[in-house]
file data.cif (mmCIF, C-alpha atoms)
data_input
#
loop_
_atom_site.label_atom_id
_atom_site.label_comp_id
_atom_site.auth_asym_id
_atom_site.auth_seq_id
_atom_site.Cartn_x
_atom_site.Cartn_y
_atom_site.Cartn_z
CA MET A 1 -1.04 0.10 30.48
CA PRO A 2 0.74 -3.04 29.18
CA GLN A 3 3.80 -2.66 27.01
CA PHE A 4 3.77 -4.03 23.48
CA GLY A 5 5.70 -7.33 23.46
CA GLY A 6 6.21 -7.50 27.23
CA ASN A 7 9.05 -6.20 29.37
CA SER A 8 11.79 -7.81 27.26
CA TYR A 9 10.76 -6.05 24.05
CA ILE A 10 13.12 -3.27 22.93
CA LEU A 11 11.51 -0.58 20.78
CA PRO A 12 13.49 0.88 17.88
CA HIS A 13 14.62 4.48 18.22
CA SER A 14 12.44 7.21 16.87
CA SER A 15 13.78 7.99 13.45
CA TRP A 16 12.78 10.03 10.45
CA THR A 17 12.56 8.45 7.05
CA TYR A 18 13.10 9.67 3.54
CA GLY A 19 13.01 8.02 0.17
CA VAL A 20 11.65 7.84 -3.32
CA LYS A 21 8.06 7.18 -4.39
CA VAL A 22 7.04 6.20 -7.90
CA ARG A 23 3.32 6.43 -8.61
CA ILE A 24 1.73 5.47 -11.93
CA ARG A 25 -2.04 5.84 -12.53
CA TYR A 26 -4.26 5.15 -15.53
CA ASP A 27 -7.97 5.97 -15.49
CA GLY A 28 -9.95 5.00 -18.58
CA LEU A 29 -13.36 4.69 -16.90
CA CYS A 30 -16.41 6.36 -18.44
CA ARG A 31 -18.46 7.81 -15.60
CA ASN A 32 -21.92 9.29 -15.22
CA LEU A 33 -22.93 12.55 -13.55
CA LEU A 34 -22.54 10.98 -10.08
CA GLU A 35 -19.01 9.73 -10.96
CA LEU A 36 -20.16 6.10 -10.95
CA PRO A 37 -18.18 3.98 -13.44
CA HIS A 38 -20.09 2.64 -16.47
CA LYS A 39 -17.39 1.03 -18.58
CA GLY A 40 -13.66 0.99 -18.93
CA LEU A 41 -10.51 0.14 -17.02
CA ALA A 42 -8.43 1.80 -14.31
CA ALA A 43 -5.07 0.62 -12.97
CA GLY A 44 -2.14 1.91 -10.99
CA PHE A 45 0.73 1.10 -8.68
CA ASP A 46 2.97 2.68 -6.04
CA LEU A 47 6.60 1.74 -5.48
CA ASP A 48 8.41 3.15 -2.43
CA TYR A 49 12.07 2.87 -1.46
CA ILE A 50 12.60 4.15 2.09
CA HIS A 51 15.73 4.85 4.14
CA ARG A 52 15.62 5.23 7.94
CA ALA A 53 18.07 7.67 9.53
CA ASN A 54 19.57 6.98 13.00
CA TRP A 55 18.79 3.28 12.72
CA ASP A 56 21.77 1.68 14.44
CA LYS A 57 20.74 -0.28 17.57
CA PRO A 58 19.19 -3.77 17.66
CA TYR A 59 15.50 -4.01 18.56
CA GLY A 60 12.92 -6.72 19.22
CA THR A 61 12.88 -9.38 21.94
CA THR A 62 15.85 -11.23 23.37
CA ALA A 63 14.72 -14.36 21.48
CA VAL A 64 14.42 -12.55 18.14
CA THR A 65 16.66 -9.52 17.80
CA ARG A 66 16.55 -7.64 14.53
CA ASN A 67 19.78 -6.59 12.93
CA PRO A 68 19.40 -2.88 12.14
CA GLY A 69 21.41 -3.26 8.94
CA ASP A 70 18.78 -5.66 7.58
CA THR A 71 15.87 -3.29 8.17
CA ARG A 72 17.33 0.17 7.62
CA ASN A 73 16.29 0.32 3.95
CA TYR A 74 13.14 -1.24 2.60
CA ALA A 75 10.97 -1.26 -0.52
CA GLN A 76 7.21 -1.70 -0.73
CA PHE A 77 4.85 -2.19 -3.65
CA SER A 78 1.09 -1.81 -3.94
CA GLY A 79 -1.20 -1.80 -6.95
CA TYR A 80 -4.78 -2.00 -8.11
CA LEU A 81 -6.84 -2.93 -11.15
CA MET A 82 -10.51 -2.06 -11.67
CA GLY A 83 -12.87 -2.68 -14.55
CA ALA A 84 -16.52 -1.97 -15.31
CA ILE A 85 -18.66 -3.34 -18.14
CA PRO A 86 -22.37 -3.07 -18.94
CA LEU A 87 -24.29 -6.31 -18.53
CA PRO A 88 -25.65 -7.58 -21.85
CA GLY A 89 -29.43 -7.57 -22.24
CA LEU A 90 -30.00 -5.11 -19.37
CA SER A 91 -30.32 -1.34 -19.22
CA GLU A 92 -27.31 0.93 -18.94
CA LYS A 93 -28.07 1.30 -15.20
CA ASP A 94 -26.96 -2.30 -14.61
CA ILE A 95 -23.16 -2.37 -14.48
CA MET A 96 -20.81 -5.12 -13.38
CA GLY A 97 -17.62 -3.92 -11.74
CA ALA A 98 -14.60 -5.81 -10.46
CA THR A 99 -11.56 -4.65 -8.55
CA SER A 100 -8.36 -6.22 -7.33
CA ARG A 101 -5.76 -4.78 -4.96
#
call {"tool": "encode", "arguments": {"input": "data.cif", "output": "structure tokens"}}
result
Amino acid sequence: MPQFGGNSYILPHSSWTYGVKVRIRYDGLCRNLLELPHKGLAAGFDLDYIHRANWDKPYGTTAVTRNPGDTRNYAQFSGYLMGAIPLPGLSEKDIMGATSR
């Protein structure tokens, strides 16, 4: 089985992580009996700040070695926006929905 990155690649140590997660959600969609959206807006985001314990030795290849101090803590963000509106002139079964992540 081939190693990831070849023989010169140094894997980081196994380490546990801990941090803070902020999660905000808004759901203003009107749904039918089958939970299909008919009209409204939904939005939300996640913000994570993570710290890696026991993260002290360089890793990567000999050409590109990562400094552990630069990658020990990191933040990540993700979000979404979704909307649904009825199409004018058609029955209430015809809905236009859009989503962005």
call {"tool": "residues_around", "arguments": {"input": "data.cif", "residues": "Ser78 in chain A", "least_positions_apart": "5", "cutoff": "8 Å", "atoms": "all atoms listed in the file", "output": "number ranges by chain"}}
result
A: 45-47, 101
call {"tool": "write_last_selection", "arguments": {"input": "data.cif", "atoms": "C-alpha atoms", "output": "PDB file, keeping the file's coordinate frame"}}
result
ATOM      1  CA  PHE A  45       0.730   1.100  -8.680  1.00  0.00           C
ATOM      2  CA  ASP A  46       2.970   2.680  -6.040  1.00  0.00           C
ATOM      3  CA  LEU A  47       6.600   1.740  -5.480  1.00  0.00           C
ATOM      4  CA  ARG A 101      -5.760  -4.780  -4.960  1.00  0.00           C
TER       5      ARG A 101
END
call {"tool": "resolve_selection", "arguments": {"input": "data.cif", "expression": "the PyMOL selection byres ((chain A and resi 26) around 10)", "output": "VMD selection string"}}
result
chain A and resid 24 to 25 27 to 29 41 to 45 81
call {"tool": "atom_distance", "arguments": {"input": "data.cif", "atom1": "CA of Ser14 in chain A", "atom2": "CA of Ala75 in chain A"}}
result
19.4 Å
call {"tool": "residues_around", "arguments": {"input": "data.cif", "residues": "Gly19 in chain A", "least_positions_apart": "6", "cutoff": "8 Å", "atoms": "all atoms listed in the file", "output": "ChimeraX atom specification"}}
result
/A:48-51
call {"tool": "resolve_selection", "arguments": {"input": "data.cif", "expression": "the PyMOL selection byres ((chain A and resi 37) around 12)", "output": "PDB file with C-alpha atoms, in the frame of the given file"}}
result
ATOM      1  CA  ASP A  27      -7.970   5.970 -15.490  1.00  0.00           C
ATOM      2  CA  GLY A  28      -9.950   5.000 -18.580  1.00  0.00           C
ATOM      3  CA  LEU A  29     -13.360   4.690 -16.900  1.00  0.00           C
ATOM      4  CA  CYS A  30     -16.410   6.360 -18.440  1.00  0.00           C
ATOM      5  CA  ARG A  31     -18.460   7.810 -15.600  1.00  0.00           C
ATOM      6  CA  ASN A  32     -21.920   9.290 -15.220  1.00  0.00           C
ATOM      7  CA  LEU A  33     -22.930  12.550 -13.550  1.00  0.00           C
ATOM      8  CA  LEU A  34     -22.540  10.980 -10.080  1.00  0.00           C
ATOM      9  CA  GLU A  35     -19.010   9.730 -10.960  1.00  0.00           C
ATOM     10  CA  LEU A  36     -20.160   6.100 -10.950  1.00  0.00           C
ATOM     11  CA  HIS A  38     -20.090   2.640 -16.470  1.00  0.00           C
ATOM     12  CA  LYS A  39     -17.390   1.030 -18.580  1.00  0.00           C
ATOM     13  CA  GLY A  40     -13.660   0.990 -18.930  1.00  0.00           C
ATOM     14  CA  LEU A  41     -10.510   0.140 -17.020  1.00  0.00           C
ATOM     15  CA  ALA A  42      -8.430   1.800 -14.310  1.00  0.00           C
ATOM     16  CA  MET A  82     -10.510  -2.060 -11.670  1.00  0.00           C
ATOM     17  CA  GLY A  83     -12.870  -2.680 -14.550  1.00  0.00           C
ATOM     18  CA  ALA A  84     -16.520  -1.970 -15.310  1.00  0.00           C
ATOM     19  CA  ILE A  85     -18.660  -3.340 -18.140  1.00  0.00           C
ATOM     20  CA  PRO A  86     -22.370  -3.070 -18.940  1.00  0.00           C
ATOM     21  CA  GLU A  92     -27.310   0.930 -18.940  1.00  0.00           C
ATOM     22  CA  LYS A  93     -28.070   1.300 -15.200  1.00  0.00           C
ATOM     23  CA  ASP A  94     -26.960  -2.300 -14.610  1.00  0.00           C
ATOM     24  CA  ILE A  95     -23.160  -2.370 -14.480  1.00  0.00           C
ATOM     25  CA  MET A  96     -20.810  -5.120 -13.380  1.00  0.00           C
ATOM     26  CA  GLY A  97     -17.620  -3.920 -11.740  1.00  0.00           C
ATOM     27  CA  ALA A  98     -14.600  -5.810 -10.460  1.00  0.00           C
ATOM     28  CA  THR A  99     -11.560  -4.650  -8.550  1.00  0.00           C
TER      29      THR A  99
END
call {"tool": "closest_residue", "arguments": {"input": "data.cif", "among": "A:Gly89, A:Val22, A:Arg52, A:Trp16", "to": "Arg72 in chain A", "atoms": "only C-alpha atoms"}}
result
A:Arg52
call {"tool": "atom_distance", "arguments": {"input": "data.cif", "atom1": "CA of Lys21 in chain A", "atom2": "CA of Asn54 in chain A"}}
result
20.9 Å
